[in-house]
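Participant: This is the structure, below, for whatever I ask next.
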Amino acid sequence: MKNHYMLTTPIYYVNGLPHIGHAYTSIAADVMARFKRLDGYDVFFLTGTDEHGQKVEQAAQNKGQTPELFVNKISNQFRNMADQLKISYNDFIRTTEDRHKKSCQALWKKIADAGYIYLDAYKGWYSLRDECYYSEDELTTISDGRKIAPTGAEVKWLKEPSYFFKLSVWQDKLLEFYELHPDFIGPESRKNELLSFVRSGLRDLSISRTSFKWGIPVPGDSDHVMYVWFDALVNYISALGYPNIDSSNLWRFWPTDLHLVGKEIARFHALYWPAFLMAAGLEVPKRIYSHGWWTVEGEKMSKSVGNVIDPIELVNEFGLDPVRFFLLREVPFGGDGDYSRQALINRMNNELANDLGNLAQRTLTQIARNCEGILPDIGQRFEEDIELIAKVELLPIILREQMDRQALNESLEDIWKVIRASNAYIDHQAPWKLKKTDFERMKVVLRTLVDVLREIATCLQAFMPDSMDKLLTQLGVDQNKRHFSDLEDKIQAGQKLPSPSPIFPRFIETD
RNA sequence: GGCGGCGUAGCUCAGCGGUAGAGCAGGGGAAUCAUAAUCCCUUGGUCGGUGGUUCAAAUCCUCCCGUCGCUACCA
């Protein structure tokens with residue numbers, strides 16, 4: 001019986017096209033999902049698209065399309081992006097699917113039956129032009145006493161019937177829950193913000209709208225559609241078949257081990273979502289982790305500046321694995337990062353081509369030329385061989401702990417420490433000299449390096465699946481011997497290795 | 001305004017009570033198996049400022065300066 005692991009990306013809102021931020025979240029989640037699978041877990045990795053709400057309705061209208069047509073198109077683009085980035089999702093859920101609607105309505109009923117939903121009126125400053133509410137402090141009062149939104153539109157005090165969720169009664173329960181589960185939200189800085197927000201007092205939450213139609217109808221009151229956040233959050237359990245909570249089914253994955261989110265939506269996941277679930281008597285996620293944002297060449301990414309990075313274009317120019325690597329290597333996960341073309345090229349050339357790619361290439365060509373491509377026996381290892389092997393064998397253990405903290409960049413740093421040590425090792429052992437003085441010793445050194453590379457490549461599969469597949473094949477590792485648990489079985493000596501070819505090309509600017 | 005984070009080598013950051021660290025960039029050397037990749041050595045910092053606690057402070061506390069985030073319905 002395998003251990004379960006469930007993780008999710010947010011479902012992406014379809015009012016715009018996918019950009020590097022979406023790619024980042026998905027790639028990070030993918031690395032974690034792949035890592036857990038390599039480590040023997042039964043993984044359920046969920047992603048998808050969020051397709052309701054006024055903004056989508058509007059965006060479709062602006063294009064003269066029906067919402068259905070519009071969301072189909074954009075949702076497909078997100079799915080294509082996921083596929084091109086080789087995101088290994090187990091399910092791609094769309095909030096316009098029937099299974100999701102049923103699930104949402106079931107959860108709503110459950111919470112309503114428990115007494116946590118009531119009908120009242122949403123009051124606030126509403127802008128007809130912007131079709132949304134503004135809070136008092138966002139407004140400016142002009143000379144004749146009228147109030148103006150930041151967009152310049154006039155606002156009016158408006159009352160709209162709305163269902164409310166009794167969030168206020170969950171304040172203490174939530175605080176207690178955070179206390180009991182200190183690792184519930186990461187990173188720490190995000191947790192502080194959240195706690196101070198909750199301590200400052202929670203008001204009830206408006207969870208339905210009557211001003212537009214593009215949403216899931218509230219059960220028993222077809223004048224209302226559910227507020228997008230209620231709708232969206234429920235995707236995580238509708239994909240598991242809620243309200244069917246039979247644990248012999250997909251429901252066995254609940255509660256999820258991780259919701260990976262961007263920092264702008266941490267509150268919805270760490271506060272509203274647990275409250276909804278508690279109100280419905282369901283278990284709460286084990287952990288919410290919020291990562292940072294990317295700037296581009298030092299500037300905030302925005303459509304108006306025109307510096308939005310299309311992940312697919314990046315992949316087309318540099319290749320998938322270098323892009324995946326760069327995004328996770330460049331920045332401490334959880335903090336903000338800056339994308340720059342030069343930084344990507346530096347990482348790609350220095351760390352992938354020079355450090356790792358070249359290490360593999362120099363090792364394998366020596367075996368090809370000096371040993372007729374036959375993988376040598378492990379032989380009699382010296383202390384320096386054993387030391388290097390010991391370092392590399394620690395990696396899976398170190399990585400496991402880091403993955404559970406979502407410290408992906410630390411993992412890559414630790415792997416690269418071993419790669420640097422391996423380059424030092426090959427230089428100090430100088431197998432090209434041993435070739436003339438001690439042929440047997442040369443074979444031991446080269447074989448040691450193959451074993452080290454095999455361990456490194458096994459670990460790196462989660463980050464760079466294609467390249468590491470190629471490397472493991474060159475190292476003579478069977479397709480079905482690539483999990484962490486297979487590392488105890490040494491590669492079969494005496495086999496003929498395929499002729500080596502570079503795994504990571506250097507990138508040369510052509511202009 | 002309130003709450004919180006951060007400010008350490010040219011750049012990106014680690015260290016968070018006991019003689020200042022890594023990677024990149026810069027300088028010198030070695031080697032030539034390799035994608036001219038690699039290895040070794042090296043230049044460089046009064047750890048934002050101030051006052052304090054301590055035998056001892058980047059490391060704890062005060063105040064100040066700078067910067068960033070959160071402060072409810074904006075995926």
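In the structure tokens, chains take the letters A, B, ... in the order shown, each chain's residues start at 1, and ligands count up from 1 in the order shown.
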Taking only C-alpha atoms (C1' of nucleotides) into account, report as an NGL selection string which residues of chain A lie within 6 Å of chain B.
Facilitator: :A and (13 or 193 or 354 or 358 or 362 or 424 or 427 or 432)
Participant: Need the shell around Val323 in chain A: protein/DNA/RNA residues with any atom at most 10 Å away, counting only C-alpha atoms (C1' of nucleotides). Skip same-chain ones fewer than 2 positions apart. Format as number ranges by chain?
Facilitator: A: 23-24, 27, 85, 311-312, 314-321, 325-329, 344-345, 347-348, 464
Participant: Name the residues of range 21-131 of chain A that fall into strand (DSSP E) according to DSSP on the backbone, using the chain letters and numbers of this document, as a count of residues only.
Facilitator: 24
Participant: Could you list, as an MDAnalysis selection string, every residue within 12 Å of Lys73 in chain A, counting only C-alpha atoms (C1' of nucleotides) and ignoring same-chain residues fewer than 4 positions away?
Facilitator: chainID A and resid 14:17 49 51 60 65:69 77:80
Participant: Rounded to one decimal in Å, what is the spacing between C1' of A20 in chain B and CA of Glu410 in chain A?
Facilitator: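 Taking C1' of A20 in chain B as the start and CA of Glu410 in chain A as the end point, the length is 22.4 Å.
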Participant: Near range 195-200 of chain A, within 10 Å and counting only C-alpha atoms (C1' of nucleotides), which residues show up once chain neighbours fewer than 3 positions away are dropped, as a list in words?
Facilitator: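 Near neighbours after the sequence-gap exclusion: Ser168, Trp170, Gln171, Asp172, Leu174, Leu175, Tyr178, Glu179, Arg190, Lys191, Asn192, Arg203, Arg267, Ala270 and Leu271 of chain A; C3, G4, C70, U71 and A72 of chain B.
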Participant: Using only C-alpha atoms (C1' of nucleotides), determine which residues lie at most 9 Å from Arg482 in chain A, disregarding the query and same-chain residues fewer than 4 positions distant; provide the list as a CSV table (one decimal) with N, CA and C atoms, in the first residue's frame.
Facilitator:
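File written: around.csv
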chain,number,residue,atom,x,y,z
A,38,LEU,N,8.9,9.7,-7.7
A,38,LEU,CA,10.2,9.1,-7.6
A,38,LEU,C,10.5,8.4,-6.3
A,458,THR,N,19.2,10.9,-11.1
A,458,THR,CA,18.0,10.4,-10.5
A,458,THR,C,17.3,11.5,-9.7
A,461,GLN,N,15.8,14.3,-12.0
A,461,GLN,CA,14.7,13.9,-12.9
A,461,GLN,C,13.4,14.8,-12.7
A,472,LEU,N,20.5,9.4,-18.0
A,472,LEU,CA,20.4,8.1,-17.4
A,472,LEU,C,20.5,7.0,-18.4
A,477,VAL,N,21.4,3.1,-17.3
A,477,VAL,CA,20.4,2.8,-16.2
A,477,VAL,C,19.1,2.4,-16.9
A,478,ASP,N,18.6,1.2,-16.5
A,478,ASP,CA,17.3,0.8,-17.1
A,478,ASP,C,16.2,1.7,-16.9
A,486,ASP,N,15.5,2.4,-6.3
A,486,ASP,CA,16.3,1.6,-7.2
A,486,ASP,C,17.8,1.9,-7.0
A,487,LEU,N,18.1,3.0,-6.3
A,487,LEU,CA,19.5,3.4,-6.2
A,487,LEU,C,20.4,2.4,-5.5
